[in-house]
Amino acid sequence: MRQTEVRPGPSNRTRPDLTTRARARRTTVAKVVLGLGALFLLSACGGEQSALDPAGPYAQDPHDLIRIVFAIALVVFILVQGLVVYSVIKFRRREDDDGSLPVQVHGNTRLEILWTVIPALILAGIAVPTVQGIFAQTDAPEDALIVEVVGHRWWWEYYYPDYDIYTANELVIPTGTPVRLEMTAADPVHSPDRGVLHSFWIPRLGGKQDVVPGQTTFLNYEADEPGRYLGQCAEYCGLSHVNMRARAEAKTPEDFQAWVEQQQQPAAEPEGGLEAEGAALFADLGGDRPLACASCHQVHTGGGARSPGQGPDLTHLFSRKEFAGAIYALDEENLREWLRDPPAMKPMQYESNGVGMPDLDLTEEEIDALVAYLMTLQ
């Protein structure tokens, strides 16, 4: 009789080993994903733009409300999870169970009213200070400093009507004084009602408010202590949205008044040399280039009223610490690179729709002259 050779199959012990390794890999992957998720969440809780580190009353009040809501939510979470754990342990299946269901509370009117009324009272209690806080954030405070804010693509313009001052990107305010922001959005090329939506936000000083073309929205800020506070546009507004930062610089009332007096002075006109050559280039680049710097930027030299330009006001450019949407330190080296090729430092859309600063194809000699002139604008 022909015998059939029986080959031994894989040992049964290899299967659990493979399964164990697969489970171990899945556990490792899950731990890594959870760890990265926790890292990303924690990274969003700090830094210069933390709303959890208020520096003024309009930021402190919402922060205090958050703490109250968090405490209530924590109590509810512990209570609910405690009941869940208790129920799992108390009513778990046992070997001697006869299969009958535990006592049911469906239809118990008193219990249903109780667990309906308690959450309603909690929500009502939270709603009252929330609504009060919303009005406090937007109601006009007495003796407030008015600042008109215009959101351009991609920089912030500030106008102080009480002092006839235009500046850009750096909002200068006095400490201990409420500041009333009257905001709208404008497109630097088209009419204001065709602009794009922005959102103004400096977390340590107060809330966030949409900045809408053709409308005026309001926001109140106040700083307790002198310092510089970082903010940004919080609504996607196109190509260089991430480069649309804002700085608020809080000064003591005395320093703020000195800043106002300095900003109200006309720009000094150079008498000669490379600075004067730069001033002439600023007013008229000439050649085949259709634009001069002065066609978009204002430098107020006295005589006549100030007026906003398509680009930032440069009358006192070097009184600021940053430029180009507050993303670069304002120094000679960065200014040279900017004049050499602006779109390389900040993506813009001048070629397609006229937004932003174009590359004017300046020579190194022209850049030298313009930098020398711009550095006189203190």
# chains A, B, ... in the order shown; residues from 1 in each chain; ligands from 1

$ residues_around --residues "range 217-231 of chain A" --least-positions-apart "6" --cutoff "9 Å" --atoms "only C-alpha atoms" --output "VMD selection string"
chain A and resid 48 to 49 55 to 59 136 to 141 144 173 to 184 200 to 211 245 to 252

$ atom_distance --atom1 "CA of Val299 in chain A" --atom2 "CA of Ala267 in chain A"
6.7 Å

$ select_by_dssp --residues "range 267-346 of chain A" --states "helix (DSSP H, G or I)" --output "PyMOL selection string"
chain A and resi 273-283+293-295+317-319+332-340+342-345

$ write_last_selection --atoms "N, CA and C atoms" --output "PDB file, in the first residue's frame"
ATOM      1  N   GLY A 273      23.418 114.478   0.059  1.00  0.00           N
ATOM      2  CA  GLY A 273      24.066 113.195   0.200  1.00  0.00           C
ATOM      3  C   GLY A 273      23.192 112.046  -0.270  1.00  0.00           C
ATOM      4  N   LEU A 274      23.550 110.828   0.172  1.00  0.00           N
ATOM      5  CA  LEU A 274      22.843 109.624  -0.240  1.00  0.00           C
ATOM      6  C   LEU A 274      21.391 109.627   0.233  1.00  0.00           C
ATOM      7  N   GLU A 275      21.145 110.244   1.411  1.00  0.00           N
ATOM      8  CA  GLU A 275      19.775 110.312   1.921  1.00  0.00           C
ATOM      9  C   GLU A 275      18.878 111.121   0.988  1.00  0.00           C
ATOM     10  N   ALA A 276      19.395 112.262   0.492  1.00  0.00           N
ATOM     11  CA  ALA A 276      18.606 113.089  -0.428  1.00  0.00           C
ATOM     12  C   ALA A 276      18.370 112.366  -1.743  1.00  0.00           C
ATOM     13  N   GLU A 277      19.373 111.615  -2.198  1.00  0.00           N
ATOM     14  CA  GLU A 277      19.187 110.824  -3.416  1.00  0.00           C
ATOM     15  C   GLU A 277      18.099 109.777  -3.216  1.00  0.00           C
ATOM     16  N   GLY A 278      18.081 109.170  -2.034  1.00  0.00           N
ATOM     17  CA  GLY A 278      17.036 108.200  -1.724  1.00  0.00           C
ATOM     18  C   GLY A 278      15.665 108.825  -1.659  1.00  0.00           C
ATOM     19  N   ALA A 279      15.571 110.042  -1.102  1.00  0.00           N
ATOM     20  CA  ALA A 279      14.284 110.738  -1.047  1.00  0.00           C
ATOM     21  C   ALA A 279      13.759 111.029  -2.442  1.00  0.00           C
ATOM     22  N   ALA A 280      14.653 111.377  -3.351  1.00  0.00           N
ATOM     23  CA  ALA A 280      14.228 111.634  -4.730  1.00  0.00           C
ATOM     24  C   ALA A 280      13.745 110.355  -5.398  1.00  0.00           C
ATOM     25  N   LEU A 281      14.463 109.249  -5.168  1.00  0.00           N
ATOM     26  CA  LEU A 281      14.031 107.970  -5.715  1.00  0.00           C
ATOM     27  C   LEU A 281      12.687 107.550  -5.126  1.00  0.00           C
ATOM     28  N   PHE A 282      12.489 107.805  -3.833  1.00  0.00           N
ATOM     29  CA  PHE A 282      11.228 107.457  -3.180  1.00  0.00           C
ATOM     30  C   PHE A 282      10.062 108.172  -3.864  1.00  0.00           C
ATOM     31  N   ALA A 283      10.264 109.420  -4.217  1.00  0.00           N
ATOM     32  CA  ALA A 283       9.194 110.197  -4.854  1.00  0.00           C
ATOM     33  C   ALA A 283       9.015 109.836  -6.313  1.00  0.00           C
ATOM     34  N   CYS A 293       7.787 104.642  -4.911  1.00  0.00           N
ATOM     35  CA  CYS A 293       7.401 104.270  -3.550  1.00  0.00           C
ATOM     36  C   CYS A 293       6.258 105.152  -3.055  1.00  0.00           C
ATOM     37  N   ALA A 294       6.321 106.458  -3.408  1.00  0.00           N
ATOM     38  CA  ALA A 294       5.330 107.412  -2.922  1.00  0.00           C
ATOM     39  C   ALA A 294       3.950 107.190  -3.524  1.00  0.00           C
ATOM     40  N   SER A 295       3.847 106.366  -4.555  1.00  0.00           N
ATOM     41  CA  SER A 295       2.524 106.096  -5.122  1.00  0.00           C
ATOM     42  C   SER A 295       1.697 105.205  -4.212  1.00  0.00           C
ATOM     43  N   LEU A 317       8.928 105.415  10.114  1.00  0.00           N
ATOM     44  CA  LEU A 317       9.129 103.980   9.932  1.00  0.00           C
ATOM     45  C   LEU A 317      10.004 103.378  11.019  1.00  0.00           C
ATOM     46  N   PHE A 318      11.157 104.002  11.302  1.00  0.00           N
ATOM     47  CA  PHE A 318      12.119 103.396  12.219  1.00  0.00           C
ATOM     48  C   PHE A 318      11.813 103.677  13.690  1.00  0.00           C
ATOM     49  N   SER A 319      10.608 104.177  13.965  1.00  0.00           N
ATOM     50  CA  SER A 319      10.135 104.180  15.348  1.00  0.00           C
ATOM     51  C   SER A 319       9.498 102.834  15.687  1.00  0.00           C
ATOM     52  N   GLU A 332      18.611  97.364   9.101  1.00  0.00           N
ATOM     53  CA  GLU A 332      19.145  97.671   7.774  1.00  0.00           C
ATOM     54  C   GLU A 332      19.237  96.432   6.901  1.00  0.00           C
ATOM     55  N   GLU A 333      19.693  95.319   7.445  1.00  0.00           N
ATOM     56  CA  GLU A 333      19.872  94.110   6.641  1.00  0.00           C
ATOM     57  C   GLU A 333      18.552  93.600   6.081  1.00  0.00           C
ATOM     58  N   ASN A 334      17.521  93.499   6.938  1.00  0.00           N
ATOM     59  CA  ASN A 334      16.221  93.016   6.475  1.00  0.00           C
ATOM     60  C   ASN A 334      15.584  93.986   5.483  1.00  0.00           C
ATOM     61  N   LEU A 335      15.784  95.286   5.714  1.00  0.00           N
ATOM     62  CA  LEU A 335      15.217  96.270   4.802  1.00  0.00           C
ATOM     63  C   LEU A 335      15.851  96.156   3.411  1.00  0.00           C
ATOM     64  N   ARG A 336      17.155  95.916   3.365  1.00  0.00           N
ATOM     65  CA  ARG A 336      17.817  95.721   2.068  1.00  0.00           C
ATOM     66  C   ARG A 336      17.252  94.498   1.344  1.00  0.00           C
ATOM     67  N   GLU A 337      17.119  93.396   2.078  1.00  0.00           N
ATOM     68  CA  GLU A 337      16.573  92.185   1.458  1.00  0.00           C
ATOM     69  C   GLU A 337      15.158  92.412   0.960  1.00  0.00           C
ATOM     70  N   TRP A 338      14.390  93.168   1.716  1.00  0.00           N
ATOM     71  CA  TRP A 338      13.008  93.455   1.320  1.00  0.00           C
ATOM     72  C   TRP A 338      12.962  94.263   0.021  1.00  0.00           C
ATOM     73  N   LEU A 339      13.764  95.302  -0.062  1.00  0.00           N
ATOM     74  CA  LEU A 339      13.763  96.114  -1.281  1.00  0.00           C
ATOM     75  C   LEU A 339      14.308  95.327  -2.476  1.00  0.00           C
ATOM     76  N   ARG A 340      15.189  94.381  -2.204  1.00  0.00           N
ATOM     77  CA  ARG A 340      15.784  93.585  -3.277  1.00  0.00           C
ATOM     78  C   ARG A 340      14.743  92.659  -3.912  1.00  0.00           C
ATOM     79  N   PRO A 342      10.793  91.809  -2.518  1.00  0.00           N
ATOM     80  CA  PRO A 342       9.740  91.685  -1.495  1.00  0.00           C
ATOM     81  C   PRO A 342       8.961  90.371  -1.553  1.00  0.00           C
ATOM     82  N   PRO A 343       8.515  89.900  -2.747  1.00  0.00           N
ATOM     83  CA  PRO A 343       7.730  88.661  -2.758  1.00  0.00           C
ATOM     84  C   PRO A 343       8.494  87.440  -2.260  1.00  0.00           C
ATOM     85  N   ALA A 344       9.848  87.480  -2.316  1.00  0.00           N
ATOM     86  CA  ALA A 344      10.618  86.344  -1.808  1.00  0.00           C
ATOM     87  C   ALA A 344      10.568  86.286  -0.288  1.00  0.00           C
ATOM     88  N   MET A 345      10.384  87.440   0.371  1.00  0.00           N
ATOM     89  CA  MET A 345      10.335  87.466   1.833  1.00  0.00           C
ATOM     90  C   MET A 345       8.917  87.304   2.358  1.00  0.00           C
TER      91      MET A 345
END

$ atom_distance --atom1 "CA of Thr315 in chain A" --atom2 "CA of Trp155 in chain A"
16.6 Å

$ closest_atom_pairs --of "range 132-158 of chain A" --to "range 347-369 of chain A" --cutoff "12 Å" --atoms "only C-alpha atoms" --output "Markdown table"
| residue | atom | partner | partner_atom | distance |
| --- | --- | --- | --- | --- |
| A:His152 | CA | A:Val355 | CA | 9.4 |
| A:Arg153 | CA | A:Val355 | CA | 7.0 |
| A:Trp154 | CA | A:Gly356 | CA | 7.5 |
| A:Trp155 | CA | A:Gly356 | CA | 9.5 |

$ select_by_dssp --residues "range 153-336 of chain A" --states "strand (DSSP E)" --output "PDB file with C-alpha atoms, in the first residue's frame"
ATOM      1  CA  TRP A 155      -1.067  94.093   7.265  1.00  0.00           C
ATOM      2  CA  TRP A 156      -2.929  96.182   9.829  1.00  0.00           C
ATOM      3  CA  GLU A 157      -3.361  99.939   9.556  1.00  0.00           C
ATOM      4  CA  TYR A 158      -4.067 102.074  12.646  1.00  0.00           C
ATOM      5  CA  TYR A 159      -5.377 105.623  12.702  1.00  0.00           C
ATOM      6  CA  TYR A 160      -5.671 107.706  15.885  1.00  0.00           C
ATOM      7  CA  ILE A 165      -1.623 109.698  13.426  1.00  0.00           C
ATOM      8  CA  TYR A 166      -1.307 106.830  10.951  1.00  0.00           C
ATOM      9  CA  THR A 167       0.850 103.824  11.693  1.00  0.00           C
ATOM     10  CA  ALA A 168       0.995 100.142  10.786  1.00  0.00           C
ATOM     11  CA  GLU A 170       2.207  97.977  15.863  1.00  0.00           C
ATOM     12  CA  LEU A 171      -0.757  99.169  17.932  1.00  0.00           C
ATOM     13  CA  VAL A 172       0.629 101.572  20.540  1.00  0.00           C
ATOM     14  CA  ILE A 173      -1.614 102.094  23.589  1.00  0.00           C
ATOM     15  CA  PRO A 174      -1.317 103.600  27.081  1.00  0.00           C
ATOM     16  CA  VAL A 179      -8.904 101.363  24.004  1.00  0.00           C
ATOM     17  CA  ARG A 180     -11.874 101.278  21.644  1.00  0.00           C
ATOM     18  CA  LEU A 181     -11.044  99.605  18.324  1.00  0.00           C
ATOM     19  CA  GLU A 182     -13.334 100.569  15.429  1.00  0.00           C
ATOM     20  CA  MET A 183     -12.504  98.072  12.718  1.00  0.00           C
ATOM     21  CA  THR A 184     -13.226  97.438   9.080  1.00  0.00           C
ATOM     22  CA  ALA A 185     -11.558  95.558   6.242  1.00  0.00           C
ATOM     23  CA  HIS A 198     -10.055  89.300   8.600  1.00  0.00           C
ATOM     24  CA  SER A 199     -10.183  88.712  12.346  1.00  0.00           C
ATOM     25  CA  PHE A 200      -8.280  90.838  14.856  1.00  0.00           C
ATOM     26  CA  TRP A 201      -6.902  89.048  17.904  1.00  0.00           C
ATOM     27  CA  LYS A 208     -11.293  88.196  18.969  1.00  0.00           C
ATOM     28  CA  GLN A 209     -13.449  90.106  16.490  1.00  0.00           C
ATOM     29  CA  ASP A 210     -14.158  89.675  12.794  1.00  0.00           C
ATOM     30  CA  VAL A 211     -13.105  92.588  10.584  1.00  0.00           C
ATOM     31  CA  THR A 217     -17.085  96.145  14.215  1.00  0.00           C
ATOM     32  CA  PHE A 218     -15.903  97.039  17.698  1.00  0.00           C
ATOM     33  CA  LEU A 219     -13.571  95.585  20.293  1.00  0.00           C
ATOM     34  CA  ASN A 220     -12.214  96.863  23.612  1.00  0.00           C
ATOM     35  CA  TYR A 221      -8.683  96.300  24.886  1.00  0.00           C
ATOM     36  CA  GLY A 227       5.027  95.425  27.285  1.00  0.00           C
ATOM     37  CA  ARG A 228       4.699  94.014  23.790  1.00  0.00           C
ATOM     38  CA  TYR A 229       1.891  91.596  23.023  1.00  0.00           C
ATOM     39  CA  LEU A 230       1.722  89.365  19.968  1.00  0.00           C
ATOM     40  CA  GLY A 231      -1.432  88.902  17.911  1.00  0.00           C
ATOM     41  CA  GLN A 232      -2.450  88.012  14.395  1.00  0.00           C
ATOM     42  CA  CYS A 233      -5.229  87.761  11.875  1.00  0.00           C
ATOM     43  CA  ARG A 245       0.713  89.513  12.486  1.00  0.00           C
ATOM     44  CA  ALA A 246      -0.098  92.328  14.868  1.00  0.00           C
ATOM     45  CA  ARG A 247       1.792  93.785  17.813  1.00  0.00           C
ATOM     46  CA  ALA A 248       0.348  95.803  20.649  1.00  0.00           C
ATOM     47  CA  GLU A 249       2.891  97.872  22.517  1.00  0.00           C
ATOM     48  CA  ALA A 250       1.627  99.155  25.831  1.00  0.00           C
ATOM     49  CA  LYS A 251       3.421 102.214  27.227  1.00  0.00           C
ATOM     50  CA  GLU A 322       9.060  95.221  12.927  1.00  0.00           C
ATOM     51  CA  PHE A 323       7.759  95.531   9.385  1.00  0.00           C
ATOM     52  CA  TYR A 328      10.639  90.801  10.312  1.00  0.00           C
ATOM     53  CA  ALA A 329      12.764  92.843  12.685  1.00  0.00           C
TER      54      ALA A 329
END

$ residues_around --residues "Tyr236 in chain A" --least-positions-apart "5" --cutoff "10 Å" --atoms "only C-alpha atoms" --output "list in words"
Val196, Leu197, His198, Ser199, His241, Val242 and Met244 of chain A

$ write_last_selection --atoms "N, CA and C atoms" --output "PDB file, in the first residue's frame"
ATOM      1  N   VAL A 196     -11.549  91.413   1.749  1.00  0.00           N
ATOM      2  CA  VAL A 196     -11.682  90.068   2.298  1.00  0.00           C
ATOM      3  C   VAL A 196     -11.835  90.153   3.810  1.00  0.00           C
ATOM      4  N   LEU A 197     -12.380  89.092   4.384  1.00  0.00           N
ATOM      5  CA  LEU A 197     -12.638  89.046   5.812  1.00  0.00           C
ATOM      6  C   LEU A 197     -11.347  88.791   6.587  1.00  0.00           C
ATOM      7  N   HIS A 198     -11.151  89.529   7.675  1.00  0.00           N
ATOM      8  CA  HIS A 198     -10.055  89.300   8.600  1.00  0.00           C
ATOM      9  C   HIS A 198     -10.631  89.099   9.997  1.00  0.00           C
ATOM     10  N   SER A 199      -9.766  88.814  10.942  1.00  0.00           N
ATOM     11  CA  SER A 199     -10.183  88.712  12.346  1.00  0.00           C
ATOM     12  C   SER A 199      -9.031  89.208  13.217  1.00  0.00           C
ATOM     13  N   HIS A 241      -1.869  84.932   4.713  1.00  0.00           N
ATOM     14  CA  HIS A 241      -2.607  85.037   5.970  1.00  0.00           C
ATOM     15  C   HIS A 241      -1.710  84.795   7.184  1.00  0.00           C
ATOM     16  N   VAL A 242      -0.846  83.779   7.099  1.00  0.00           N
ATOM     17  CA  VAL A 242       0.012  83.437   8.237  1.00  0.00           C
ATOM     18  C   VAL A 242       1.021  84.546   8.531  1.00  0.00           C
ATOM     19  N   MET A 244       0.323  87.764   8.538  1.00  0.00           N
ATOM     20  CA  MET A 244      -0.397  88.978   8.922  1.00  0.00           C
ATOM     21  C   MET A 244      -0.466  89.042  10.450  1.00  0.00           C
TER      22      MET A 244
END

$ residues_around --residues "Tyr163 in chain A" --least-positions-apart "5" --cutoff "12 Å" --atoms "only C-alpha atoms" --output "ChimeraX atom specification"
/A:145-148,158,256-257,259-265,305-306

$ closest_residue --among "A:His300, A:Thr130, A:Arg92, A:Leu111" --to "Asp164 in chain A" --atoms "only C-alpha atoms"
A:His300

$ closest_atom_pairs --of "range 93-148 of chain A" --to "range 64-74 of chain A" --cutoff "9 Å" --atoms "only C-alpha atoms" --output "Markdown table"
| residue | atom | partner | partner_atom | distance |
| --- | --- | --- | --- | --- |
| A:Ile122 | CA | A:Ile72 | CA | 8.3 |
| A:Ile126 | CA | A:Val69 | CA | 7.1 |
| A:Pro129 | CA | A:Leu65 | CA | 7.5 |
| A:Thr130 | CA | A:Leu65 | CA | 7.5 |
| A:Gly133 | CA | A:Leu65 | CA | 8.8 |

$ atom_distance --atom1 "CA of Leu79 in chain A" --atom2 "CA of Trp115 in chain A"
12.6 Å

$ closest_residue --among "A:Glu112, A:Val80, A:Asn169, A:Val212" --to "Gly195 in chain A" --atoms "only C-alpha atoms"
A:Val212
